[in-house]
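This is coords_15.cif. It holds mmCIF, C-alpha atoms and all ligand atoms.
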```cif
data_model
loop_
_atom_site.label_atom_id
_atom_site.label_comp_id
_atom_site.auth_asym_id
_atom_site.auth_seq_id
_atom_site.Cartn_x
_atom_site.Cartn_y
_atom_site.Cartn_z
CA MET W 1 -21.89 -85.36 -44.10
CA GLU W 2 -23.95 -88.02 -45.84
CA THR W 3 -24.84 -91.23 -44.05
CA GLU W 4 -23.45 -94.55 -45.16
CA VAL W 5 -27.02 -95.82 -45.22
CA PRO W 6 -28.67 -95.00 -48.57
CA PRO W 7 -31.87 -92.97 -48.33
CA SER W 8 -35.17 -94.82 -48.41
CA ILE W 9 -37.36 -94.86 -51.52
CA GLU W 10 -39.69 -92.48 -49.68
CA GLY W 11 -36.81 -90.07 -48.91
CA ARG W 12 -35.68 -90.14 -52.54
CA GLY W 13 -39.24 -89.62 -53.75
CA CYS W 14 -39.55 -86.57 -51.55
CA ALA W 15 -36.21 -85.11 -52.64
CA GLU W 16 -37.12 -85.61 -56.30
CA LYS W 17 -40.44 -83.83 -55.90
CA PHE W 18 -39.34 -81.02 -53.57
CA LYS W 19 -36.10 -79.15 -54.06
CA ARG W 20 -36.17 -76.90 -50.98
CA VAL W 21 -37.67 -78.13 -47.74
CA LEU W 22 -38.31 -76.03 -44.64
CA ILE W 23 -38.53 -78.07 -41.47
CA THR W 24 -39.46 -76.74 -38.04
CA GLY W 25 -38.24 -78.73 -35.05
CA GLY W 26 -35.48 -80.34 -37.10
CA ALA W 27 -33.04 -80.46 -34.18
CA GLY W 28 -35.30 -82.82 -32.25
CA PHE W 29 -35.43 -86.59 -32.23
CA LEU W 30 -37.74 -87.18 -35.18
CA GLY W 31 -36.83 -83.98 -37.04
CA SER W 32 -33.11 -84.71 -37.13
CA HIS W 33 -33.72 -88.14 -38.70
CA ILE W 34 -35.90 -86.50 -41.36
CA VAL W 35 -33.32 -83.78 -42.06
CA LEU W 36 -30.55 -86.33 -42.50
CA GLU W 37 -32.69 -88.49 -44.77
CA LEU W 38 -33.66 -85.56 -47.01
CA VAL W 39 -30.19 -84.02 -47.28
CA THR W 40 -28.74 -87.45 -48.09
CA ALA W 41 -31.43 -87.93 -50.74
CA GLY W 42 -30.39 -84.66 -52.43
CA ALA W 43 -32.88 -82.06 -51.14
CA GLU W 44 -31.89 -78.65 -49.81
CA VAL W 45 -33.11 -78.33 -46.22
CA VAL W 46 -33.61 -75.26 -44.04
CA CYS W 47 -34.22 -76.04 -40.38
CA VAL W 48 -35.85 -73.62 -37.94
CA ASP W 49 -35.53 -74.66 -34.31
CA ASP W 50 -35.40 -72.81 -30.99
CA PHE W 51 -33.54 -75.68 -29.26
CA SER W 52 -36.05 -75.70 -26.40
CA THR W 53 -36.10 -79.52 -26.43
CA GLY W 54 -33.84 -80.26 -29.41
CA GLN W 55 -30.09 -80.66 -29.38
CA TYR W 56 -27.46 -79.07 -31.54
CA ALA W 57 -25.55 -82.37 -31.43
CA ASN W 58 -28.33 -84.01 -33.47
CA LEU W 59 -27.43 -81.83 -36.48
CA ALA W 60 -23.81 -80.91 -35.79
CA ALA W 61 -22.52 -83.28 -38.45
CA LEU W 62 -24.55 -81.46 -41.12
CA VAL W 63 -23.50 -77.91 -40.26
CA GLY W 64 -21.46 -76.55 -43.17
CA HIS W 65 -23.10 -78.94 -45.64
CA PRO W 66 -23.93 -76.99 -48.83
CA ARG W 67 -27.54 -78.23 -48.83
CA PHE W 68 -28.24 -77.51 -45.15
CA THR W 69 -29.09 -74.28 -43.32
CA LEU W 70 -29.79 -74.05 -39.60
CA ILE W 71 -31.70 -71.07 -38.19
CA LYS W 72 -32.15 -70.69 -34.45
CA ALA W 73 -35.59 -69.11 -34.10
CA ASP W 74 -38.98 -69.60 -32.52
CA ALA W 75 -41.39 -71.01 -35.11
CA CYS W 76 -44.09 -68.66 -33.76
CA GLY W 77 -42.28 -65.68 -35.33
CA MET W 78 -41.54 -67.42 -38.60
CA GLY W 79 -44.43 -66.02 -40.65
CA SER W 80 -42.41 -62.90 -41.50
CA LEU W 81 -39.23 -64.78 -42.49
CA HIS W 82 -38.38 -65.00 -46.18
CA ILE W 83 -37.62 -68.69 -46.71
CA PRO W 84 -38.60 -69.74 -50.24
CA CYS W 85 -39.46 -73.46 -50.20
CA ASP W 86 -41.76 -75.95 -51.86
CA LEU W 87 -42.37 -78.18 -48.83
CA VAL W 88 -42.93 -77.21 -45.18
CA LEU W 89 -42.68 -79.95 -42.55
CA HIS W 90 -43.99 -78.65 -39.23
CA LEU W 91 -42.63 -80.65 -36.31
CA ALA W 92 -41.77 -77.92 -33.81
CA SER W 93 -43.36 -78.77 -30.47
CA PRO W 94 -42.28 -80.26 -27.18
CA ALA W 95 -43.36 -83.89 -27.47
CA SER W 96 -42.62 -85.81 -24.29
CA PRO W 97 -45.00 -85.48 -21.33
CA ARG W 98 -42.14 -84.22 -19.14
CA ASP W 99 -41.26 -81.51 -21.71
CA TYR W 100 -44.78 -80.35 -22.50
CA THR W 101 -45.74 -80.22 -18.82
CA ARG W 102 -42.69 -78.03 -18.09
CA LEU W 103 -43.29 -75.98 -21.27
CA SER W 104 -47.09 -75.94 -21.12
CA LEU W 105 -47.68 -72.42 -22.47
CA GLU W 106 -44.93 -72.72 -25.08
CA THR W 107 -46.53 -75.98 -26.27
CA LEU W 108 -49.90 -74.27 -26.72
CA GLN W 109 -48.18 -71.35 -28.41
CA VAL W 110 -46.23 -73.37 -30.94
CA GLY W 111 -49.30 -75.52 -31.68
CA SER W 112 -51.34 -72.39 -32.39
CA GLN W 113 -49.11 -69.42 -33.39
CA GLY W 114 -46.29 -71.64 -34.65
CA THR W 115 -48.65 -73.63 -36.85
CA PHE W 116 -50.28 -70.43 -38.11
CA ALA W 117 -46.85 -69.01 -39.00
CA ALA W 118 -45.73 -72.20 -40.74
CA LEU W 119 -48.98 -72.36 -42.72
CA THR W 120 -48.66 -68.67 -43.66
CA LEU W 121 -45.20 -69.34 -45.03
CA ALA W 122 -46.40 -72.39 -46.95
CA ARG W 123 -49.26 -70.36 -48.41
CA ARG W 124 -46.94 -67.51 -49.46
CA PHE W 125 -44.63 -69.85 -51.39
CA ARG W 126 -47.41 -72.22 -52.55
CA ALA W 127 -45.58 -75.00 -50.75
CA ARG W 128 -47.05 -78.28 -49.58
CA PHE W 129 -47.49 -78.33 -45.78
CA VAL W 130 -47.30 -81.42 -43.57
CA LEU W 131 -48.28 -81.28 -39.90
CA ALA W 132 -46.70 -83.70 -37.43
CA SER W 133 -49.80 -84.41 -35.38
CA THR W 134 -50.13 -87.17 -32.85
CA SER W 135 -52.13 -90.13 -31.58
CA GLU W 136 -52.74 -87.95 -28.51
CA VAL W 137 -55.60 -86.33 -30.46
CA TYR W 138 -57.49 -89.57 -29.66
CA GLY W 139 -56.86 -89.00 -25.90
CA ASP W 140 -57.68 -92.05 -23.77
CA PRO W 141 -59.49 -93.82 -26.61
CA LEU W 142 -62.80 -95.59 -26.20
CA GLU W 143 -62.34 -97.34 -29.57
CA HIS W 144 -59.61 -99.82 -30.29
CA PRO W 145 -57.61 -99.86 -32.51
CA GLN W 146 -57.93 -96.21 -33.47
CA LYS W 147 -59.05 -95.31 -36.97
CA GLU W 148 -58.68 -91.77 -38.32
CA ASP W 149 -62.42 -91.13 -38.17
CA TYR W 150 -62.50 -91.76 -34.39
CA ARG W 151 -62.94 -88.34 -32.78
CA GLY W 152 -61.20 -89.03 -29.52
CA ASN W 153 -61.71 -88.83 -25.78
CA VAL W 154 -59.68 -85.85 -24.60
CA ASN W 155 -59.94 -83.94 -21.34
CA SER W 156 -59.55 -80.29 -22.36
CA THR W 157 -58.35 -79.24 -18.89
CA GLY W 158 -56.43 -82.40 -17.88
CA PRO W 159 -52.70 -82.88 -17.34
CA ARG W 160 -52.05 -83.66 -21.03
CA SER W 161 -54.41 -81.01 -22.38
CA MET W 162 -51.71 -78.49 -23.36
CA TYR W 163 -50.31 -80.99 -25.84
CA ASP W 164 -53.46 -82.81 -26.95
CA GLU W 165 -55.48 -79.64 -27.49
CA ALA W 166 -52.57 -77.79 -29.15
CA LYS W 167 -52.39 -80.59 -31.71
CA ARG W 168 -56.15 -80.72 -32.18
CA TYR W 169 -56.14 -76.96 -32.76
CA ALA W 170 -53.18 -77.32 -35.17
CA GLU W 171 -55.19 -79.90 -37.14
CA ALA W 172 -58.18 -77.53 -37.27
CA LEU W 173 -55.96 -74.66 -38.43
CA THR W 174 -54.39 -76.84 -41.12
CA SER W 175 -57.83 -77.86 -42.36
CA ALA W 176 -59.00 -74.22 -42.36
CA PHE W 177 -56.02 -73.08 -44.50
CA ALA W 178 -56.86 -75.82 -47.00
CA ALA W 179 -60.53 -74.79 -47.10
CA ARG W 180 -60.00 -71.00 -47.21
CA TYR W 181 -56.79 -70.65 -49.25
CA ASP W 182 -56.57 -74.00 -51.00
CA THR W 183 -53.20 -74.58 -49.34
CA ASP W 184 -51.88 -78.04 -50.15
CA VAL W 185 -51.84 -79.70 -46.72
CA ALA W 186 -51.48 -83.09 -45.07
CA ILE W 187 -51.82 -84.29 -41.48
CA ALA W 188 -49.79 -87.21 -40.09
CA ARG W 189 -51.01 -88.64 -36.77
CA ILE W 190 -47.82 -90.13 -35.43
CA PHE W 191 -47.97 -92.83 -32.73
CA ASN W 192 -45.19 -93.58 -30.23
CA THR W 193 -41.89 -93.64 -32.05
CA TYR W 194 -38.52 -94.61 -30.61
CA GLY W 195 -34.92 -94.90 -31.72
CA PRO W 196 -31.49 -93.31 -31.45
CA ARG W 197 -31.28 -89.61 -30.44
CA MET W 198 -34.15 -89.61 -27.94
CA ARG W 199 -32.96 -87.78 -24.85
CA ALA W 200 -32.52 -90.13 -21.89
CA ASP W 201 -33.91 -87.38 -19.61
CA ASP W 202 -37.06 -86.57 -21.58
CA GLY W 203 -39.16 -88.99 -19.53
CA ARG W 204 -40.27 -91.28 -22.37
CA ALA W 205 -40.22 -94.96 -21.44
CA ILE W 206 -37.73 -96.45 -23.91
CA PRO W 207 -34.74 -94.09 -23.48
CA GLU W 208 -35.27 -94.13 -19.72
CA PHE W 209 -35.51 -97.94 -19.56
CA ILE W 210 -32.38 -98.31 -21.70
CA GLU W 211 -30.35 -95.79 -19.72
CA ARG W 212 -31.29 -97.40 -16.40
CA ALA W 213 -30.84 -100.97 -17.64
CA LEU W 214 -27.36 -100.12 -18.98
CA THR W 215 -26.36 -98.99 -15.50
CA ASN W 216 -28.24 -101.77 -13.64
CA GLN W 217 -30.63 -99.34 -11.94
CA PRO W 218 -34.25 -100.34 -11.31
CA LEU W 219 -36.66 -99.73 -14.21
CA ARG W 220 -39.61 -97.68 -12.98
CA VAL W 221 -42.97 -98.87 -14.29
CA HIS W 222 -46.00 -96.72 -13.56
CA GLY W 223 -49.00 -98.50 -12.01
CA ASP W 224 -49.32 -102.21 -12.75
CA GLY W 225 -47.57 -101.74 -16.11
CA GLY W 226 -50.55 -103.25 -17.93
CA GLN W 227 -51.08 -100.12 -20.08
CA THR W 228 -50.15 -100.80 -23.68
CA ARG W 229 -48.33 -98.89 -26.38
CA SER W 230 -47.62 -99.82 -29.96
CA LEU W 231 -44.19 -98.65 -30.86
CA CYS W 232 -42.70 -97.77 -34.20
CA TYR W 233 -38.98 -97.61 -34.95
CA VAL W 234 -37.91 -94.15 -36.13
CA ASP W 235 -36.81 -95.24 -39.63
CA ASP W 236 -40.29 -96.62 -40.27
CA THR W 237 -42.01 -93.47 -38.97
CA VAL W 238 -39.74 -91.29 -41.14
CA ARG W 239 -40.57 -93.41 -44.21
CA GLY W 240 -44.30 -93.05 -43.54
CA PHE W 241 -44.06 -89.31 -42.90
CA LEU W 242 -42.06 -88.72 -46.10
CA ALA W 243 -44.36 -90.98 -48.12
CA LEU W 244 -47.23 -88.74 -47.04
CA ALA W 245 -45.22 -85.59 -47.88
CA ALA W 246 -44.43 -86.91 -51.38
CA SER W 247 -48.03 -87.95 -52.05
CA SER W 248 -51.00 -85.75 -52.86
CA PHE W 249 -53.01 -87.25 -49.99
CA SER W 250 -54.16 -84.91 -47.23
CA GLY W 251 -55.07 -87.45 -44.55
CA PRO W 252 -55.28 -87.38 -41.62
CA VAL W 253 -53.32 -90.58 -41.64
CA ASN W 254 -52.08 -92.74 -38.76
CA ILE W 255 -48.38 -93.57 -38.82
CA GLY W 256 -47.43 -96.08 -36.16
CA GLY W 257 -46.50 -99.60 -35.17
CA THR W 258 -49.18 -102.23 -34.70
CA GLU W 259 -47.27 -104.54 -32.34
CA GLU W 260 -48.97 -103.78 -29.02
CA ILE W 261 -46.98 -104.34 -25.85
CA THR W 262 -47.53 -103.59 -22.16
CA LEU W 263 -45.07 -101.27 -20.44
CA LEU W 264 -44.21 -104.09 -18.05
CA GLY W 265 -43.48 -106.38 -21.01
CA LEU W 266 -41.35 -103.68 -22.59
CA ALA W 267 -39.28 -103.24 -19.42
CA LYS W 268 -38.66 -106.99 -19.31
CA ILE W 269 -37.54 -107.13 -22.97
CA VAL W 270 -35.12 -104.21 -22.48
CA ILE W 271 -33.58 -105.93 -19.43
CA LYS W 272 -33.23 -109.18 -21.40
CA LEU W 273 -31.74 -107.63 -24.54
CA ILE W 274 -29.18 -105.68 -22.52
CA GLY W 275 -28.45 -108.60 -20.19
CA SER W 276 -28.96 -106.18 -17.30
CA LYS W 277 -29.24 -106.92 -13.59
CA SER W 278 -31.90 -104.22 -13.17
CA ALA W 279 -35.02 -104.99 -11.17
CA ILE W 280 -38.49 -103.67 -11.97
CA GLN W 281 -39.90 -101.11 -9.56
CA HIS W 282 -43.60 -100.26 -9.66
CA VAL W 283 -44.26 -96.58 -8.96
CA ASP W 284 -47.46 -94.51 -8.81
CA ALA W 285 -49.68 -94.66 -11.88
CA LYS W 286 -49.63 -91.52 -14.03
CA HIS W 287 -52.81 -89.47 -13.92
CA GLU W 288 -54.83 -89.94 -17.13
CA ASP W 289 -52.22 -92.18 -18.74
CA PRO W 290 -54.00 -93.77 -21.73
CA ARG W 291 -54.62 -97.50 -21.09
CA ARG W 292 -54.48 -98.65 -24.70
CA ARG W 293 -53.10 -97.27 -27.93
CA ARG W 294 -52.84 -98.94 -31.29
CA PRO W 295 -53.32 -97.45 -34.72
CA ASP W 296 -55.39 -98.88 -37.50
CA ILE W 297 -52.96 -98.27 -40.37
CA SER W 298 -55.12 -99.44 -43.27
CA ARG W 299 -55.41 -95.87 -44.55
CA ALA W 300 -51.60 -95.44 -44.66
CA HIS W 301 -51.30 -98.83 -46.31
CA GLY W 302 -53.99 -98.06 -48.90
CA HIS W 303 -52.94 -94.51 -49.82
CA LEU W 304 -49.19 -94.58 -49.22
CA LYS W 305 -48.36 -98.30 -49.51
CA TRP W 306 -46.73 -97.88 -46.13
CA ALA W 307 -46.37 -100.29 -43.23
CA PRO W 308 -43.66 -100.61 -40.59
CA ARG W 309 -40.92 -103.13 -41.37
CA ILE W 310 -38.65 -103.21 -38.34
CA THR W 311 -39.62 -105.56 -35.51
CA LEU W 312 -39.64 -104.34 -31.93
CA ARG W 313 -36.69 -106.57 -31.09
CA ASP W 314 -34.56 -105.23 -33.98
CA GLY W 315 -35.53 -101.63 -33.29
CA LEU W 316 -34.70 -101.98 -29.62
CA MET W 317 -31.32 -103.55 -30.42
CA ARG W 318 -30.46 -100.65 -32.76
CA THR W 319 -31.50 -98.16 -30.08
CA ILE W 320 -29.52 -99.96 -27.39
CA ASP W 321 -26.42 -100.11 -29.62
CA ALA W 322 -26.69 -96.36 -30.30
CA ALA W 323 -27.03 -95.63 -26.56
CA ARG W 324 -23.95 -97.76 -25.85
CA ARG W 325 -21.94 -95.94 -28.54
CA LEU W 326 -23.05 -92.57 -27.20
CA SER W 327 -22.09 -93.40 -23.65
CA SER W 328 -18.62 -94.62 -24.68
CA ALA W 329 -18.15 -91.55 -26.95
CA SER W 330 -19.14 -89.12 -24.19
CA THR W 331 -16.67 -90.67 -21.77
CA GLY W 332 -13.93 -90.47 -24.44
CA ALA W 333 -13.94 -87.78 -27.12
CA ALA W 334 -14.67 -84.12 -26.46
CA ALA W 335 -18.34 -83.18 -26.54
CA VAL W 336 -19.76 -81.38 -29.62
CA ARG W 337 -19.33 -77.64 -29.21
CA ASP W 338 -22.80 -76.07 -29.10
CA PRO W 339 -22.86 -72.62 -30.76
CA PHE W 340 -26.36 -72.09 -29.38
CA PRO W 341 -25.93 -72.76 -25.63
CA GLN W 342 -28.99 -72.20 -23.44
CA PRO W 343 -28.67 -68.99 -21.37
P1 LIG K 401 -38.44 -83.36 -29.78
O1 LIG K 401 -38.77 -82.64 -28.53
O2 LIG K 401 -37.25 -84.23 -29.81
O3 LIG K 401 -38.35 -82.35 -31.00
C1 LIG K 401 -39.13 -81.19 -31.09
C2 LIG K 401 -38.27 -80.09 -31.69
O4 LIG K 401 -39.06 -78.89 -31.82
C3 LIG K 401 -37.07 -79.72 -30.82
O5 LIG K 401 -35.91 -79.65 -31.60
C4 LIG K 401 -37.44 -78.37 -30.23
O6 LIG K 401 -36.31 -77.59 -29.90
C5 LIG K 401 -38.28 -77.80 -31.35
N1 LIG K 401 -39.21 -76.75 -30.92
C6 LIG K 401 -40.11 -76.79 -29.91
N2 LIG K 401 -40.78 -75.62 -29.83
C7 LIG K 401 -40.29 -74.84 -30.83
C8 LIG K 401 -40.59 -73.51 -31.28
N3 LIG K 401 -41.51 -72.75 -30.68
N4 LIG K 401 -39.91 -73.03 -32.34
C9 LIG K 401 -38.94 -73.76 -32.96
N5 LIG K 401 -38.63 -75.03 -32.56
C10 LIG K 401 -39.29 -75.55 -31.53
O7 LIG K 401 -39.75 -84.21 -30.15
P2 LIG K 401 -39.95 -85.33 -31.26
O8 LIG K 401 -40.23 -86.60 -30.57
O9 LIG K 401 -38.86 -85.28 -32.24
O10 LIG K 401 -41.31 -84.85 -31.93
C11 LIG K 401 -41.31 -84.05 -33.11
C12 LIG K 401 -42.73 -83.79 -33.55
O11 LIG K 401 -43.40 -85.02 -33.83
C13 LIG K 401 -43.58 -83.06 -32.51
O12 LIG K 401 -44.43 -82.15 -33.17
C14 LIG K 401 -44.41 -84.15 -31.90
O13 LIG K 401 -45.63 -83.69 -31.41
C15 LIG K 401 -44.59 -85.11 -33.06
N6 LIG K 401 -44.78 -86.49 -32.58
C16 LIG K 401 -43.76 -87.22 -32.09
C17 LIG K 401 -43.99 -88.49 -31.62
C18 LIG K 401 -42.89 -89.37 -31.08
O14 LIG K 401 -43.16 -90.49 -30.65
N7 LIG K 401 -41.65 -88.95 -31.07
C19 LIG K 401 -45.29 -89.03 -31.63
C20 LIG K 401 -46.32 -88.22 -32.11
C21 LIG K 401 -46.06 -86.96 -32.62
#
```

Rewrite the structure from the file as structure tokens, please.
Ligand code: NAD
Amino acid sequence: METEVPPSIEGRGCAEKFKRVLITGGAGFLGSHIVLELVTAGAEVVCVDDFSTGQYANLAALVGHPRFTLIKADACGMGSLHIPCDLVLHLASPASPRDYTRLSLETLQVGSQGTFAALTLARRFRARFVLASTSEVYGDPLEHPQKEDYRGNVNSTGPRSMYDEAKRYAEALTSAFAARYDTDVAIARIFNTYGPRMRADDGRAIPEFIERALTNQPLRVHGDGGQTRSLCYVDDTVRGFLALAASSFSGPVNIGGTEEITLLGLAKIVIKLIGSKSAIQHVDAKHEDPRRRRPDISRAHGHLKWAPRITLRDGLMRTIDAARRLSSASTGAAAVRDPFPQP
């Protein structure tokens, strides 16, 4: 299946430069958008995913495509696999606080052993390697907005430490492979991204707000809701990530939206756009929830000529439309048969 939407310039650039791409975590939210973009642009893509937080349905339409291969495996054991490729995109990791809290040890393992294995494979085939890192490496930042040279404010034993420290370690490992073996690497620090295919039950604010607003249930806002996020629509994040992959820049580079909004403000916009009768319910503040997050994206702009294009309102409307389509499809047609059901 190819999408009706033509691939972006960044997707085409990547597919022209790299013929065979290995992606870990390609069945997840972000990964599945990248897979689709690359296959549509003409690249051959091999996806390794253990489906711990990803969904087969995200890729079902591509199964059987001549340029797509899906391997169900843990990225931690991937170092011994023979997968010739010229680009490795390493996204495998639980990413939502609910998922990485539940899968704390697995998150640390995939950030360490999984990254080591993915780097080993990239080194063996002399492939370029791109790490999907995160704004969480800045922790609860004391500088605002965050530039790449800010070193962060992370609690190494706190409730988010399994994710934040796994990513910090993965960045260190990536840098060490470049220094020791001259592996061609890049690090993308991705800020909060949203869009179709986020799981409504993964605990992230936007899919939860949309799901509850569509059914007129109260939207739960933690604390006073004054904590801010700057959100980036998935198509923009994918363009930035692929622009980095296609470049020779190693980063680290922030990829994220610069429109800062409070969580309370976000809840109100979602209610308005949906025309929902939902109320807002304030619940306990989350422990160590960062108060402010906003990337300085001048490095991405300077090196990659990248900036987000889709406004928050447009991105939310696209996400809401996709959620509406999904809910009417799941009440109608038969669900996608999953050949990899969880035991
Ligand atoms: P997701 O949970 O939807 O996708 C992660 C994918 O990785 C899933 O398909 C999961 O099954 C797979 N996975 C997890 N552990 C694995 C393992 N050991 N072996 C093989 N596959 C494994 O999350 P996402 O939002 O798509 O995030 C993808 C990547 O981008 C993550 O590395 C995340 O840290 C990073 N990121 C995402 C965001 C965001 O806002 N979505 C922000 C910053 C960074």

As an mmCIF file with C-alpha atoms, keeping the file's coordinate frame, please: every protein or nucleic acid residue near ligand LIG 401 (chain K) (cut-off 6 Å, counting all atoms listed in the file).
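The new file selection_19.cif reads:
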```
data_model
loop_
_atom_site.group_PDB
_atom_site.id
_atom_site.type_symbol
_atom_site.label_atom_id
_atom_site.label_comp_id
_atom_site.auth_asym_id
_atom_site.auth_seq_id
_atom_site.Cartn_x
_atom_site.Cartn_y
_atom_site.Cartn_z
ATOM 1 C CA THR W 24 -39.460 -76.740 -38.040
ATOM 2 C CA GLY W 25 -38.240 -78.730 -35.050
ATOM 3 C CA GLY W 26 -35.480 -80.340 -37.100
ATOM 4 C CA ALA W 27 -33.040 -80.460 -34.180
ATOM 5 C CA GLY W 28 -35.300 -82.820 -32.250
ATOM 6 C CA PHE W 29 -35.430 -86.590 -32.230
ATOM 7 C CA LEU W 30 -37.740 -87.180 -35.180
ATOM 8 C CA GLY W 31 -36.830 -83.980 -37.040
ATOM 9 C CA VAL W 48 -35.850 -73.620 -37.940
ATOM 10 C CA ASP W 49 -35.530 -74.660 -34.310
ATOM 11 C CA ASP W 50 -35.400 -72.810 -30.990
ATOM 12 C CA PHE W 51 -33.540 -75.680 -29.260
ATOM 13 C CA SER W 52 -36.050 -75.700 -26.400
ATOM 14 C CA THR W 53 -36.100 -79.520 -26.430
ATOM 15 C CA GLY W 54 -33.840 -80.260 -29.410
ATOM 16 C CA ALA W 73 -35.590 -69.110 -34.100
ATOM 17 C CA ASP W 74 -38.980 -69.600 -32.520
ATOM 18 C CA ALA W 75 -41.390 -71.010 -35.110
ATOM 19 C CA CYS W 76 -44.090 -68.660 -33.760
ATOM 20 C CA LEU W 91 -42.630 -80.650 -36.310
ATOM 21 C CA ALA W 92 -41.770 -77.920 -33.810
ATOM 22 C CA SER W 93 -43.360 -78.770 -30.470
ATOM 23 C CA PRO W 94 -42.280 -80.260 -27.180
ATOM 24 C CA ALA W 95 -43.360 -83.890 -27.470
ATOM 25 C CA VAL W 110 -46.230 -73.370 -30.940
ATOM 26 C CA ALA W 132 -46.700 -83.700 -37.430
ATOM 27 C CA SER W 133 -49.800 -84.410 -35.380
ATOM 28 C CA THR W 134 -50.130 -87.170 -32.850
ATOM 29 C CA ILE W 190 -47.820 -90.130 -35.430
ATOM 30 C CA PHE W 191 -47.970 -92.830 -32.730
ATOM 31 C CA ASN W 192 -45.190 -93.580 -30.230
ATOM 32 C CA THR W 193 -41.890 -93.640 -32.050
#
```

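Remark: for W:Leu316, the closest of the candidate residues W:Leu264, W:Leu304, W:Leu231, W:Val253 is W:Leu231 (distances computed over all atoms listed in the file).
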
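Computed from the coordinates, the atom CA of W:Gly315 to atom CA of W:Leu103 distance equals 29.4 Å.
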
Which residue of W:Ile210, W:Ala172, W:Leu219, W:Leu81 approaches W:Asp321 most closely, using all atoms listed in the file: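 Checking each of W:Ile210, W:Ala172, W:Leu219, W:Leu81 against W:Asp321, counting all atoms listed in the file, the winner is W:Ile210.
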
Atomic distance atom CA of W:Asp86 - atom CA of W:Leu36, expressed in Å with one decimal: 17.9 Å

How many Å separate atom CA of W:Glu143 from atom CA of W:Val270? 29.0 Å

Between W:Leu312, W:Cys85, W:Ala329, W:Leu263, which is the closest to W:Arg128 once you count all atoms listed in the file? W:Cys85

Return the single residue from W:Val185, W:Val63, W:Val234, W:Ala179 that is closest to W:Ile310, with distances computed using all atoms listed in the file. W:Val234

Close residues, stretch 111-118 of chain W itself excluded, 8 Å, only C-alpha atoms, min 5 positions apart in chain, as a short mmCIF file (atom, residue, chain, number, x, y, z; two decimals) with C-alpha atoms, keeping the file's coordinate frame:
```cif
data_model
loop_
_atom_site.label_atom_id
_atom_site.label_comp_id
_atom_site.auth_asym_id
_atom_site.auth_seq_id
_atom_site.Cartn_x
_atom_site.Cartn_y
_atom_site.Cartn_z
CA ASP W 74 -38.98 -69.60 -32.52
CA ALA W 75 -41.39 -71.01 -35.11
CA CYS W 76 -44.09 -68.66 -33.76
CA GLY W 77 -42.28 -65.68 -35.33
CA MET W 78 -41.54 -67.42 -38.60
CA GLY W 79 -44.43 -66.02 -40.65
CA SER W 80 -42.41 -62.90 -41.50
CA VAL W 88 -42.93 -77.21 -45.18
CA HIS W 90 -43.99 -78.65 -39.23
CA ALA W 92 -41.77 -77.92 -33.81
CA SER W 93 -43.36 -78.77 -30.47
CA ALA W 166 -52.57 -77.79 -29.15
CA LYS W 167 -52.39 -80.59 -31.71
CA TYR W 169 -56.14 -76.96 -32.76
CA ALA W 170 -53.18 -77.32 -35.17
CA LEU W 173 -55.96 -74.66 -38.43
CA THR W 174 -54.39 -76.84 -41.12
#
```

I'd like to know which of W:Phe249, W:Tyr233, W:Trp306, W:Tyr138 is closest to W:Gly152, using all atoms listed in the file.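 Nearest to W:Gly152: W:Tyr138.
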
Neighbours of W:Thr101 within 10 Å (only C-alpha atoms; same-chain residues fewer than 4 positions away dropped), as a ChimeraX atom specification? /W:94-97,105-107,159-163
